[in-house]
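Next comes model_21.csv, with CSV, C-alpha atoms.
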chain,number,residue,atom,x,y,z
A,1,MET,CA,9.4,28.8,-14.9
A,2,ASP,CA,9.5,26.0,-17.5
A,3,ALA,CA,8.3,22.4,-17.0
A,4,ALA,CA,11.7,21.0,-16.2
A,5,SER,CA,12.3,23.6,-13.6
A,6,LEU,CA,9.0,23.1,-12.0
A,7,VAL,CA,9.5,19.3,-11.8
A,8,ARG,CA,13.0,19.9,-10.3
A,9,GLU,CA,11.5,22.2,-7.6
A,10,TYR,CA,8.8,19.5,-6.9
A,11,LEU,CA,11.6,16.9,-6.4
A,12,LEU,CA,13.5,19.2,-4.1
A,13,LEU,CA,10.4,20.0,-2.1
A,14,GLY,CA,9.4,16.3,-1.7
A,15,LEU,CA,13.0,15.3,-0.7
A,16,SER,CA,13.0,18.1,1.9
A,17,PHE,CA,10.2,16.3,3.9
A,18,ASP,CA,12.7,13.5,4.8
A,19,ARG,CA,14.5,16.1,6.9
A,20,LEU,CA,11.3,16.5,9.0
A,21,GLU,CA,10.3,12.8,9.2
A,22,ASP,CA,12.7,10.0,8.3
A,23,GLY,CA,11.0,7.6,6.0
A,24,PHE,CA,8.7,10.2,4.4
A,25,VAL,CA,10.6,9.6,1.1
A,26,ASP,CA,9.7,6.0,0.3
A,27,ALA,CA,11.9,5.8,-2.8
A,28,TYR,CA,14.0,8.2,-4.9
A,29,THR,CA,15.8,7.1,-8.0
A,30,GLY,CA,16.6,10.4,-9.6
A,31,ASP,CA,19.6,12.8,-9.8
A,32,PRO,CA,21.6,12.2,-6.6
A,33,GLU,CA,22.7,15.8,-6.6
A,34,LEU,CA,19.1,16.8,-5.6
A,35,ARG,CA,19.3,14.5,-2.6
A,36,ARG,CA,22.7,16.0,-1.6
A,37,ILE,CA,21.2,19.5,-1.8
A,38,THR,CA,18.4,18.7,0.6
A,39,GLU,CA,20.7,16.7,2.9
A,40,ASN,CA,23.2,19.5,3.2
A,41,ALA,CA,20.7,22.3,3.6
A,42,PRO,CA,19.4,23.4,7.0
A,43,ALA,CA,16.3,21.5,8.1
A,44,PRO,CA,13.4,23.3,6.5
A,45,GLU,CA,10.8,25.2,8.3
A,46,PRO,CA,7.3,23.6,7.7
A,47,ARG,CA,5.7,27.0,6.9
A,48,GLU,CA,8.3,27.5,4.2
A,49,LEU,CA,7.3,24.1,2.7
A,50,VAL,CA,3.7,25.2,2.8
A,51,ARG,CA,4.6,28.3,0.8
A,52,ARG,CA,6.7,26.4,-1.7
A,53,ALA,CA,3.9,23.8,-2.3
A,54,GLN,CA,1.4,26.6,-2.8
A,55,THR,CA,3.7,28.5,-5.2
A,56,LEU,CA,4.4,25.4,-7.4
A,57,ARG,CA,0.7,24.5,-7.5
A,58,ALA,CA,-0.2,28.0,-8.6
A,59,GLU,CA,2.5,27.8,-11.3
A,60,LEU,CA,1.2,24.6,-12.9
A,61,GLY,CA,-1.1,26.4,-15.3
A,62,ASN,CA,1.8,28.4,-16.7
A,63,VAL,CA,4.0,25.5,-17.8
A,64,ASP,CA,3.8,23.1,-20.8
A,65,LEU,CA,2.8,19.8,-19.3
A,66,THR,CA,0.4,17.1,-20.5
A,67,PRO,CA,-2.9,16.9,-18.7
A,68,ASP,CA,-2.1,13.7,-16.9
A,69,ARG,CA,1.3,15.1,-15.6
A,70,MET,CA,-0.4,18.3,-14.5
A,71,THR,CA,-3.1,16.4,-12.6
A,72,PHE,CA,-0.5,14.2,-11.0
A,73,LEU,CA,1.6,17.1,-9.8
A,74,ASP,CA,-1.4,19.1,-8.7
A,75,VAL,CA,-2.8,16.4,-6.3
A,76,HIS,CA,0.7,15.6,-5.0
A,77,LEU,CA,1.5,19.2,-4.2
A,78,ARG,CA,-1.9,19.5,-2.5
A,79,ALA,CA,-0.9,16.5,-0.3
A,80,LEU,CA,2.5,17.9,0.5
A,81,GLU,CA,1.0,21.2,1.5
A,82,CYS,CA,-1.2,19.4,4.0
A,83,SER,CA,1.7,17.4,5.4
A,84,ALA,CA,3.7,20.7,5.8
A,85,ARG,CA,0.7,22.2,7.6
A,86,LYS,CA,0.6,19.2,9.9
A,87,PHE,CA,4.3,19.5,10.6
A,88,ALA,CA,3.7,23.2,11.4
A,89,GLY,CA,1.3,22.2,14.1
A,90,GLU,CA,-2.0,23.0,12.4
A,91,ASP,CA,-5.1,21.2,13.7
A,92,ILE,CA,-6.5,19.5,10.7
A,93,GLY,CA,-9.5,17.2,11.0
A,94,PHE,CA,-8.6,13.5,10.3
A,95,VAL,CA,-11.1,13.1,7.5
A,96,ASP,CA,-9.8,16.3,5.8
A,97,GLU,CA,-6.2,15.1,6.3
A,98,VAL,CA,-7.0,11.8,4.6
A,99,ASP,CA,-8.8,13.7,1.8
A,100,ALA,CA,-5.8,16.0,1.2
A,101,TYR,CA,-3.3,13.1,1.3
A,102,PHE,CA,-5.0,10.6,-0.8
A,103,ASP,CA,-7.8,12.4,-2.8
A,104,VAL,CA,-10.6,10.3,-1.2
A,105,ARG,CA,-13.4,11.1,1.3
A,106,ILE,CA,-13.7,8.5,4.0
A,107,ALA,CA,-16.6,7.4,6.2
A,108,PRO,CA,-17.2,4.6,8.6
A,109,GLY,CA,-18.0,1.1,7.3
A,110,HIS,CA,-21.3,-0.7,7.7
A,111,GLN,CA,-21.5,-3.2,10.6
A,112,ASP,CA,-24.2,-5.1,8.9
A,113,GLN,CA,-21.7,-5.9,6.2
A,114,TYR,CA,-19.2,-7.1,8.9
A,115,LEU,CA,-21.9,-9.3,10.4
A,116,GLN,CA,-22.5,-10.8,7.0
A,117,ALA,CA,-18.8,-11.5,6.7
A,118,HIS,CA,-18.9,-13.2,10.2
A,119,ARG,CA,-21.7,-15.4,9.0
A,120,LYS,CA,-19.8,-16.5,6.0
A,121,MET,CA,-16.6,-17.1,8.0
A,122,ASP,CA,-18.7,-19.1,10.5
A,123,GLU,CA,-19.7,-21.5,7.7
A,124,VAL,CA,-16.1,-22.0,6.6
A,125,LEU,CA,-14.8,-22.4,10.2
A,126,ALA,CA,-17.7,-24.5,11.5
A,127,GLY,CA,-17.0,-26.1,14.9
A,128,PRO,CA,-17.3,-25.6,18.7
A,129,GLY,CA,-16.4,-22.3,20.4
A,130,SER,CA,-17.0,-18.7,19.4
A,131,LEU,CA,-16.1,-17.5,15.9
A,132,SER,CA,-13.4,-15.4,17.3
A,133,GLU,CA,-11.8,-18.4,19.1
A,134,ARG,CA,-12.0,-20.5,16.0
A,135,SER,CA,-10.6,-17.7,13.8
A,136,ILE,CA,-7.6,-17.2,16.1
A,137,ALA,CA,-7.0,-21.0,16.4
A,138,HIS,CA,-7.2,-21.3,12.6
A,139,ARG,CA,-4.6,-18.5,12.1
A,140,ARG,CA,-2.4,-20.1,14.7
A,141,ALA,CA,-2.5,-23.5,12.9
A,142,ASP,CA,-1.8,-21.7,9.6
A,143,VAL,CA,1.5,-20.2,10.8
A,144,ILE,CA,4.5,-21.0,8.6
A,145,PRO,CA,7.3,-22.7,10.7
A,146,ALA,CA,10.0,-20.1,11.2
A,147,ASP,CA,12.7,-22.3,9.7
A,148,ARG,CA,10.7,-22.8,6.5
A,149,LEU,CA,9.7,-19.2,5.9
A,150,GLN,CA,12.6,-18.4,3.6
A,151,ASP,CA,12.0,-21.4,1.4
A,152,CYS,CA,8.3,-20.5,1.1
A,153,VAL,CA,9.1,-16.9,0.3
A,154,GLU,CA,11.5,-17.9,-2.5
A,155,ALA,CA,9.1,-20.5,-3.9
A,156,PHE,CA,6.2,-18.1,-4.2
A,157,SER,CA,8.4,-15.3,-5.5
A,158,SER,CA,9.8,-17.5,-8.3
A,159,ALA,CA,6.3,-18.8,-9.2
A,160,LEU,CA,4.8,-15.4,-9.3
A,161,ARG,CA,7.8,-13.9,-11.2
A,162,ASP,CA,7.4,-16.5,-13.9
A,163,ARG,CA,3.7,-15.6,-14.3
A,164,VAL,CA,4.4,-11.9,-14.4
A,165,ARG,CA,7.2,-12.1,-16.9
A,166,ALA,CA,4.9,-14.1,-19.2
A,167,GLU,CA,2.2,-11.4,-19.0
A,168,TYR,CA,4.2,-8.1,-18.7
A,169,THR,CA,7.6,-7.3,-19.9
A,170,LEU,CA,10.2,-6.8,-17.2
A,171,PRO,CA,13.9,-5.8,-17.5
A,172,ASP,CA,16.3,-8.8,-17.6
A,173,THR,CA,18.2,-7.4,-14.7
A,174,GLU,CA,15.3,-6.9,-12.3
A,175,LYS,CA,15.7,-8.6,-8.9
A,176,VAL,CA,14.0,-8.8,-5.5
A,177,THR,CA,16.0,-9.7,-2.4
A,178,TYR,CA,14.2,-10.7,0.7
A,179,GLU,CA,15.2,-10.1,4.3
A,180,VAL,CA,13.5,-10.8,7.7
A,181,VAL,CA,13.4,-7.8,10.1
A,182,GLY,CA,11.7,-7.0,13.4
A,183,ASP,CA,10.2,-4.2,15.4
A,184,LYS,CA,8.2,-2.7,12.6
A,185,PRO,CA,4.6,-1.5,12.5
A,186,TRP,CA,3.9,-3.3,9.1
A,187,SER,CA,4.0,-6.9,8.0
A,188,GLY,CA,6.0,-6.4,4.8
A,189,PHE,CA,7.7,-3.5,3.1
A,190,ASN,CA,9.2,-2.9,-0.4
A,191,TYR,CA,12.3,-0.8,-0.5
A,192,TYR,CA,12.8,0.1,-4.2
A,193,LEU,CA,16.5,0.8,-4.8
A,194,GLY,CA,16.3,1.9,-8.4
A,195,ASN,CA,17.9,0.2,-11.4
A,196,PHE,CA,15.1,-2.5,-11.2
A,197,GLN,CA,16.2,-3.7,-7.8
A,198,SER,CA,14.1,-4.1,-4.6
A,199,THR,CA,14.6,-5.3,-1.1
A,200,VAL,CA,11.5,-6.7,0.5
A,201,ALA,CA,11.5,-6.8,4.3
A,202,ILE,CA,9.2,-9.2,6.1
A,203,ASN,CA,8.4,-8.5,9.7
A,204,SER,CA,9.3,-11.3,12.1
A,205,ASP,CA,7.2,-9.8,14.9
A,206,ILE,CA,4.1,-11.0,13.0
A,207,GLU,CA,3.7,-14.7,12.5
A,208,GLN,CA,3.5,-15.3,8.8
A,209,GLN,CA,0.6,-17.5,7.7
A,210,MET,CA,0.4,-19.8,4.7
A,211,ALA,CA,-2.8,-18.2,3.5
A,212,ASN,CA,-1.4,-14.7,3.6
A,213,LEU,CA,2.1,-15.3,2.1
A,214,PRO,CA,1.0,-15.6,-1.6
A,215,HIS,CA,-0.8,-12.2,-1.2
A,216,LEU,CA,2.2,-10.7,0.6
A,217,ILE,CA,4.7,-11.7,-2.1
A,218,ALA,CA,2.3,-10.6,-4.9
A,219,HIS,CA,1.7,-7.4,-3.1
A,220,GLU,CA,5.3,-6.4,-2.5
A,221,SER,CA,7.0,-8.0,-5.6
A,222,TYR,CA,5.2,-9.7,-8.5
A,223,PRO,CA,3.0,-8.0,-9.9
A,224,GLY,CA,2.8,-5.5,-7.1
A,225,HIS,CA,5.2,-2.8,-5.9
A,226,HIS,CA,8.4,-4.0,-7.4
A,227,THR,CA,6.8,-4.7,-10.8
A,228,GLU,CA,5.1,-1.3,-10.8
A,229,HIS,CA,8.4,0.5,-10.0
A,230,CYS,CA,10.2,-1.4,-12.7
A,231,ARG,CA,7.5,-0.6,-15.3
A,232,LYS,CA,7.3,3.0,-14.4
A,233,GLU,CA,11.1,3.5,-14.3
A,234,THR,CA,11.3,1.9,-17.8
A,235,GLY,CA,8.3,3.7,-19.3
A,236,LEU,CA,7.5,7.0,-17.6
A,237,VAL,CA,11.0,7.9,-16.3
A,238,GLY,CA,12.5,6.7,-19.5
A,239,ALA,CA,10.2,9.2,-21.3
A,240,GLY,CA,11.4,12.1,-19.2
A,241,GLN,CA,8.7,12.2,-16.5
A,242,LEU,CA,11.2,12.7,-13.7
A,243,GLU,CA,8.5,13.4,-11.1
A,244,GLN,CA,8.1,9.6,-11.2
A,245,THR,CA,11.6,9.1,-9.7
A,246,LEU,CA,10.1,10.2,-6.3
A,247,PHE,CA,7.7,8.2,-4.2
A,248,LEU,CA,6.4,9.9,-1.1
A,249,VAL,CA,4.4,8.6,1.9
A,250,ASN,CA,0.9,10.3,2.4
A,251,THR,CA,0.3,11.1,-1.3
A,252,PRO,CA,-2.2,9.8,-3.9
A,253,GLN,CA,0.7,7.7,-5.3
A,254,CYS,CA,0.3,5.5,-2.2
A,255,LEU,CA,-3.4,4.9,-2.5
A,256,MET,CA,-2.9,3.9,-6.2
A,257,ALA,CA,0.1,1.7,-5.4
A,258,GLU,CA,-1.5,-0.1,-2.4
A,259,GLY,CA,-4.8,-0.6,-4.3
A,260,LEU,CA,-2.8,-2.1,-7.2
A,261,ALA,CA,-0.7,-4.3,-4.9
A,262,ASP,CA,-3.8,-5.6,-3.0
A,263,HIS,CA,-5.3,-6.7,-6.3
A,264,ALA,CA,-2.0,-8.2,-7.5
A,265,LEU,CA,-2.6,-11.9,-6.7
A,266,GLY,CA,-6.1,-11.7,-8.2
A,267,ALA,CA,-4.7,-10.1,-11.3
A,268,ILE,CA,-2.0,-12.6,-12.0
A,269,VAL,CA,-3.4,-15.9,-10.6
A,270,GLY,CA,-7.1,-15.1,-10.1
A,271,GLU,CA,-9.8,-17.5,-9.0
A,272,GLY,CA,-8.3,-20.7,-7.9
A,273,TRP,CA,-5.3,-19.2,-6.2
A,274,GLY,CA,-5.8,-21.5,-3.2
A,275,ALA,CA,-5.4,-24.7,-5.2
A,276,TRP,CA,-2.4,-23.1,-7.0
A,277,ALA,CA,-0.8,-22.2,-3.6
A,278,GLN,CA,-1.6,-25.7,-2.2
A,279,GLU,CA,0.5,-27.3,-4.9
A,280,ILE,CA,3.5,-25.0,-4.2
A,281,TYR,CA,3.3,-25.8,-0.4
A,282,ALA,CA,3.0,-29.5,-1.2
A,283,ASP,CA,6.2,-29.4,-3.1
A,284,LEU,CA,7.8,-27.9,0.1
A,285,GLY,CA,6.3,-30.6,2.2
A,286,LEU,CA,3.7,-28.4,3.9
A,287,ARG,CA,0.0,-29.1,4.2
A,288,PHE,CA,-2.3,-26.3,3.1
A,289,GLU,CA,-6.0,-26.4,2.5
A,290,GLY,CA,-6.2,-24.1,-0.5
A,291,GLU,CA,-9.9,-24.2,-1.2
A,292,LYS,CA,-10.8,-23.5,2.4
A,293,ALA,CA,-8.2,-20.6,2.6
A,294,GLU,CA,-9.7,-19.1,-0.6
A,295,ARG,CA,-13.2,-19.2,0.8
A,296,LEU,CA,-12.2,-17.7,4.1
A,297,SER,CA,-10.2,-14.9,2.3
A,298,SER,CA,-13.3,-14.1,0.2
A,299,ALA,CA,-15.5,-13.9,3.3
A,300,SER,CA,-13.1,-11.9,5.4
A,301,SER,CA,-12.5,-9.4,2.6
A,302,GLN,CA,-15.8,-7.8,3.7
A,303,LEU,CA,-14.0,-6.8,6.9
A,304,LEU,CA,-11.7,-4.5,5.0
A,305,GLY,CA,-13.2,-1.3,6.4
A,306,VAL,CA,-12.8,-2.3,10.1
A,307,ARG,CA,-9.2,-1.0,10.4
A,308,GLN,CA,-10.2,2.3,8.8
A,309,ASP,CA,-13.1,2.5,11.3
A,310,ALA,CA,-10.5,2.0,14.0
A,311,ALA,CA,-8.5,5.0,12.6
A,312,LEU,CA,-11.6,7.1,12.7
A,313,LEU,CA,-12.4,6.1,16.2
A,314,LEU,CA,-8.8,6.9,17.3
A,315,HIS,CA,-8.2,10.2,15.4
A,316,ASP,CA,-11.6,11.6,14.6
A,317,GLN,CA,-13.7,10.5,17.6
A,318,HIS,CA,-10.7,10.4,20.0
A,319,LYS,CA,-11.6,7.1,21.6
A,320,SER,CA,-9.1,5.5,23.9
A,321,GLU,CA,-6.6,2.9,22.6
A,322,ASP,CA,-8.4,0.3,24.8
A,323,ASP,CA,-11.7,1.1,23.1
A,324,VAL,CA,-10.1,0.9,19.7
A,325,ALA,CA,-8.4,-2.4,20.4
A,326,ALA,CA,-11.7,-3.8,21.6
A,327,TYR,CA,-13.4,-2.7,18.4
A,328,LEU,CA,-10.6,-4.5,16.3
A,329,GLU,CA,-11.0,-7.6,18.4
A,330,ARG,CA,-14.8,-7.7,18.0
A,331,TRP,CA,-15.1,-6.9,14.3
A,332,SER,CA,-11.9,-8.1,12.7
A,333,LEU,CA,-11.7,-11.1,15.0
A,334,ALA,CA,-8.1,-10.2,15.9
A,335,SER,CA,-6.3,-11.6,18.8
A,336,PRO,CA,-5.4,-9.1,21.5
A,337,GLN,CA,-1.8,-9.1,20.4
A,338,ARG,CA,-2.7,-8.5,16.7
A,339,ALA,CA,-5.1,-5.7,17.7
A,340,ARG,CA,-2.4,-4.0,19.6
A,341,HIS,CA,0.0,-4.3,16.7
A,342,SER,CA,-2.6,-2.7,14.4
A,343,LEU,CA,-2.9,0.1,17.0
A,344,ARG,CA,0.9,0.7,16.7
A,345,PHE,CA,0.5,1.3,13.0
A,346,LEU,CA,-2.6,3.5,13.4
A,347,SER,CA,-0.8,5.5,16.2
A,348,SER,CA,2.4,6.3,14.2
A,349,PRO,CA,2.6,10.0,13.3
A,350,LEU,CA,3.8,9.0,9.8
A,351,TRP,CA,1.5,6.1,9.2
A,352,ARG,CA,-1.7,7.0,11.1
A,353,ALA,CA,-3.7,7.9,7.9
A,354,TYR,CA,-2.1,5.2,5.7
A,355,ILE,CA,-4.7,2.5,6.4
A,356,SER,CA,-7.0,4.4,4.1
A,357,THR,CA,-4.7,3.6,1.1
A,358,TYR,CA,-5.6,-0.1,1.5
A,359,VAL,CA,-9.3,0.3,2.2
A,360,GLU,CA,-10.1,3.0,-0.3
A,361,GLY,CA,-7.4,2.0,-2.8
A,362,TYR,CA,-8.8,-1.6,-2.9
A,363,LYS,CA,-12.4,-0.4,-3.4
A,364,LEU,CA,-11.6,2.2,-6.0
A,365,LEU,CA,-9.4,0.0,-8.1
A,366,ALA,CA,-11.8,-2.9,-7.8
A,367,GLY,CA,-14.6,-0.9,-9.4
A,368,TRP,CA,-12.2,0.3,-12.1
A,369,LEU,CA,-10.8,-3.2,-12.9
A,370,ASP,CA,-14.4,-4.6,-13.0
A,371,GLN,CA,-14.9,-2.6,-16.2
A,372,GLY,CA,-13.0,-5.5,-17.8
A,373,THR,CA,-15.4,-8.2,-18.6
A,374,THR,CA,-12.8,-10.7,-19.8
A,375,VAL,CA,-9.5,-11.9,-18.4
A,376,SER,CA,-7.7,-10.2,-21.3
A,377,GLU,CA,-9.5,-6.8,-20.6
A,378,ARG,CA,-8.7,-7.0,-16.9
A,379,ALA,CA,-5.1,-7.7,-17.7
A,380,GLN,CA,-4.9,-4.7,-19.9
A,381,LEU,CA,-6.5,-2.5,-17.2
A,382,PHE,CA,-4.1,-3.8,-14.6
A,383,GLY,CA,-1.3,-3.1,-17.1
A,384,ARG,CA,-2.4,0.5,-17.2
A,385,LEU,CA,-2.1,0.8,-13.4
A,386,LEU,CA,1.4,-0.5,-13.7
A,387,ASP,CA,2.4,1.9,-16.5
A,388,GLU,CA,0.4,5.1,-16.3
A,389,PRO,CA,0.6,8.1,-13.8
A,390,LEU,CA,-3.1,7.6,-12.8
A,391,THR,CA,-4.6,9.3,-9.9
A,392,PRO,CA,-7.8,8.5,-7.8
A,393,GLY,CA,-9.7,11.3,-9.5
A,394,ALA,CA,-8.7,10.1,-12.9
A,395,LEU,CA,-10.2,6.6,-12.1
A,396,ARG,CA,-13.4,8.1,-10.7
A,397,VAL,CA,-14.2,9.9,-14.0
A,398,SER,CA,-13.1,7.2,-16.4

With the file now loaded, output its structure as structure tokens.
Amino acid sequence: MDAASLVREYLLLGLSFDRLEDGFVDAYTGDPELRRITENAPAPEPRELVRRAQTLRAELGNVDLTPDRMTFLDVHLRALECSARKFAGEDIGFVDEVDAYFDVRIAPGHQDQYLQAHRKMDEVLAGPGSLSERSIAHRRADVIPADRLQDCVEAFSSALRDRVRAEYTLPDTEKVTYEVVGDKPWSGFNYYLGNFQSTVAINSDIEQQMANLPHLIAHESYPGHHTEHCRKETGLVGAGQLEQTLFLVNTPQCLMAEGLADHALGAIVGEGWGAWAQEIYADLGLRFEGEKAERLSSASSQLLGVRQDAALLLHDQHKSEDDVAAYLERWSLASPQRARHSLRFLSSPLWRAYISTYVEGYKLLAGWLDQGTTVSERAQLFGRLLDEPLTPGALRVS
């Protein structure tokens, strides 16, 4: 088997998973004939997918691929093998499942760190009542009026797009279209359509807050998911790395992409994003306390691990949903409604392990980006994340 044949078989294998779980293929921009082959074939047997993944992985050493492409395919075939085993009904421990999917070993967070975050948040939200009550009240007051959401989305998208295009080359024809949807387990989602076009869906079931919207648009569009897809389609796919035409849930791609996207606002705006956002909101006639929002965001970032703890409680320790919801309310200061919405995401068969992409992806990429001691060096490192087929293991050894 030559390299082209192996990559074709990898694409056919990955596309086959959509027959077992709709949505497993997050994006595919390659040869439509491969999609037709998998759609017209009988639904695959999970055990056969296990065998195909193992065969392709064993064949990697016999084909002419660059080391980075070989590493990329190796960890993704490992992830697909684990998914196929899960579909076949195997009992795989949650920590091992996350390790196979995302190439990271997870452990519970530290509650002393969460207490420190609470102390910092208490300083920012000083006043009567418990910290939980004040936090919930603050989020309620920060909600964007429903009839202004579209204006705010477009304003931040335009402002971020201008900054990204000044820093990183993007195709002239690239475009993001935004739509509001409901009944989803996530707050926002990028559907990359190929040819430098994305649709970003924003969940109307979750009240969108002024403090979060800049992060959301940066995460999904500029310089997050949409920008990464455009850059990789231009560079890697344009250079013949056709494995990059396929983006699959529960693979190391996801951890890298979510980590990149969660650092997107910091990468393109950086310190002072609160004051920058305050000016944009003021132009829209909305009052936003940017400096306060930035301080609160910095403090609450230490609570990042709480939702991964919740996943471990649910899937590793087999705690009840009521116990997990109570944990989320206590440590993340979530309202009962928001805690239950988080549980929906954590309970989804497709998304149950996905929270680790945010937690571990953010931490891993933070350490890697911190190698840059100047703004220019950090921009170059972020550009590598946009452009190269990096894996978690590659970042750990660099």

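The gap separating CA of Glu377 in chain A from CA of Asp162 in chain A is 20.6 Å, in Å to one decimal.
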
List every residue of range 328-353 of chain A that has an atom at most 9 Å from any atom of range 101-115 of chain A, and for each one report the closest atom pair and its distance in Å to one decimal, counting all atoms listed in the file, with rows sorted by chain and then by increasing residue number, as a tab-separated table.
residue	atom	partner	partner_atom	distance
A:Trp331	CA	A:Tyr114	CA	6.8
A:Ser332	CA	A:Tyr114	CA	8.3
A:Ala353	CA	A:Tyr101	CA	8.4

Shell of 10 Å around Cys82 in chain A, all atoms listed in the file, local chain residues under 3 positions omitted, as a ChimeraX atom specification: /A:49-50,53,76-79,85-88,90,92,96-101,250-251

Using only C-alpha atoms, the best pick from A:Ser347, A:Ser297, A:Phe247, A:His219 as closest to Glu321 in chain A would be A:Ser347

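With all atoms listed in the file as the atoms that count, the minimum distance from Leu333 in chain A to the choices A:Met1, A:Leu284, A:Val200, A:Ala137 is reached by A:Ala137.
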
Between CA of Arg134 in chain A and CA of Met121 in chain A, what distance in Å does the model show, to one decimal? 9.8 Å

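Compared by their closest atoms to Gly188 in chain A, and using all atoms listed in the file, the residues A:His215, A:Arg165, A:Lys175, A:Lys319 rank with A:His215 nearest.
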
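Between CA of Glu291 in chain A and CA of Gly272 in chain A the interatomic distance comes to 7.7 Å.
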
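Those residues that approach Leu216 in chain A to within 10 Å, counting all atoms listed in the file, are Val153, Phe156, Ser157, Ser187, Gly188, Phe189, Ile202, Gln208, Gln209, Tyr222, Gly224, Ala261, Asp262, Ala264 and Leu265 of chain A; same-chain residues fewer than 6 positions away are not listed.
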
Within 12 Å of Glu33 in chain A using only C-alpha atoms, minus same-chain residues under 5 positions, as a short mmCIF file (atom, residue, chain, number, x, y, z; two decimals) with C-alpha atoms, in the frame of the given file:
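The resulting file, out09.cif, is reproduced below:
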data_model
loop_
_atom_site.label_atom_id
_atom_site.label_comp_id
_atom_site.auth_asym_id
_atom_site.auth_seq_id
_atom_site.Cartn_x
_atom_site.Cartn_y
_atom_site.Cartn_z
CA ARG A 8 13.00 19.90 -10.30
CA LEU A 11 11.60 16.90 -6.40
CA LEU A 12 13.50 19.20 -4.10
CA LEU A 15 13.00 15.30 -0.70
CA TYR A 28 14.00 8.20 -4.90
CA THR A 38 18.40 18.70 0.60
CA GLU A 39 20.70 16.70 2.90
CA ASN A 40 23.20 19.50 3.20
#

With 3 Å added on each side, what axis-aligned box encloses every listed atom of range 273-290 of chain A? Give the centre and edge lengths in Å to one decimal, as lines of an AutoDock Vina configuration file.
center_x = 0.8
center_y = -24.9
center_z = -1.4
size_x = 20.0
size_y = 17.4
size_z = 17.2

Given all atoms listed in the file as the counted atoms, nearest of A:Glu228, A:Asp322, A:Glu81, A:Glu271 to Pro171 in chain A: A:Glu228
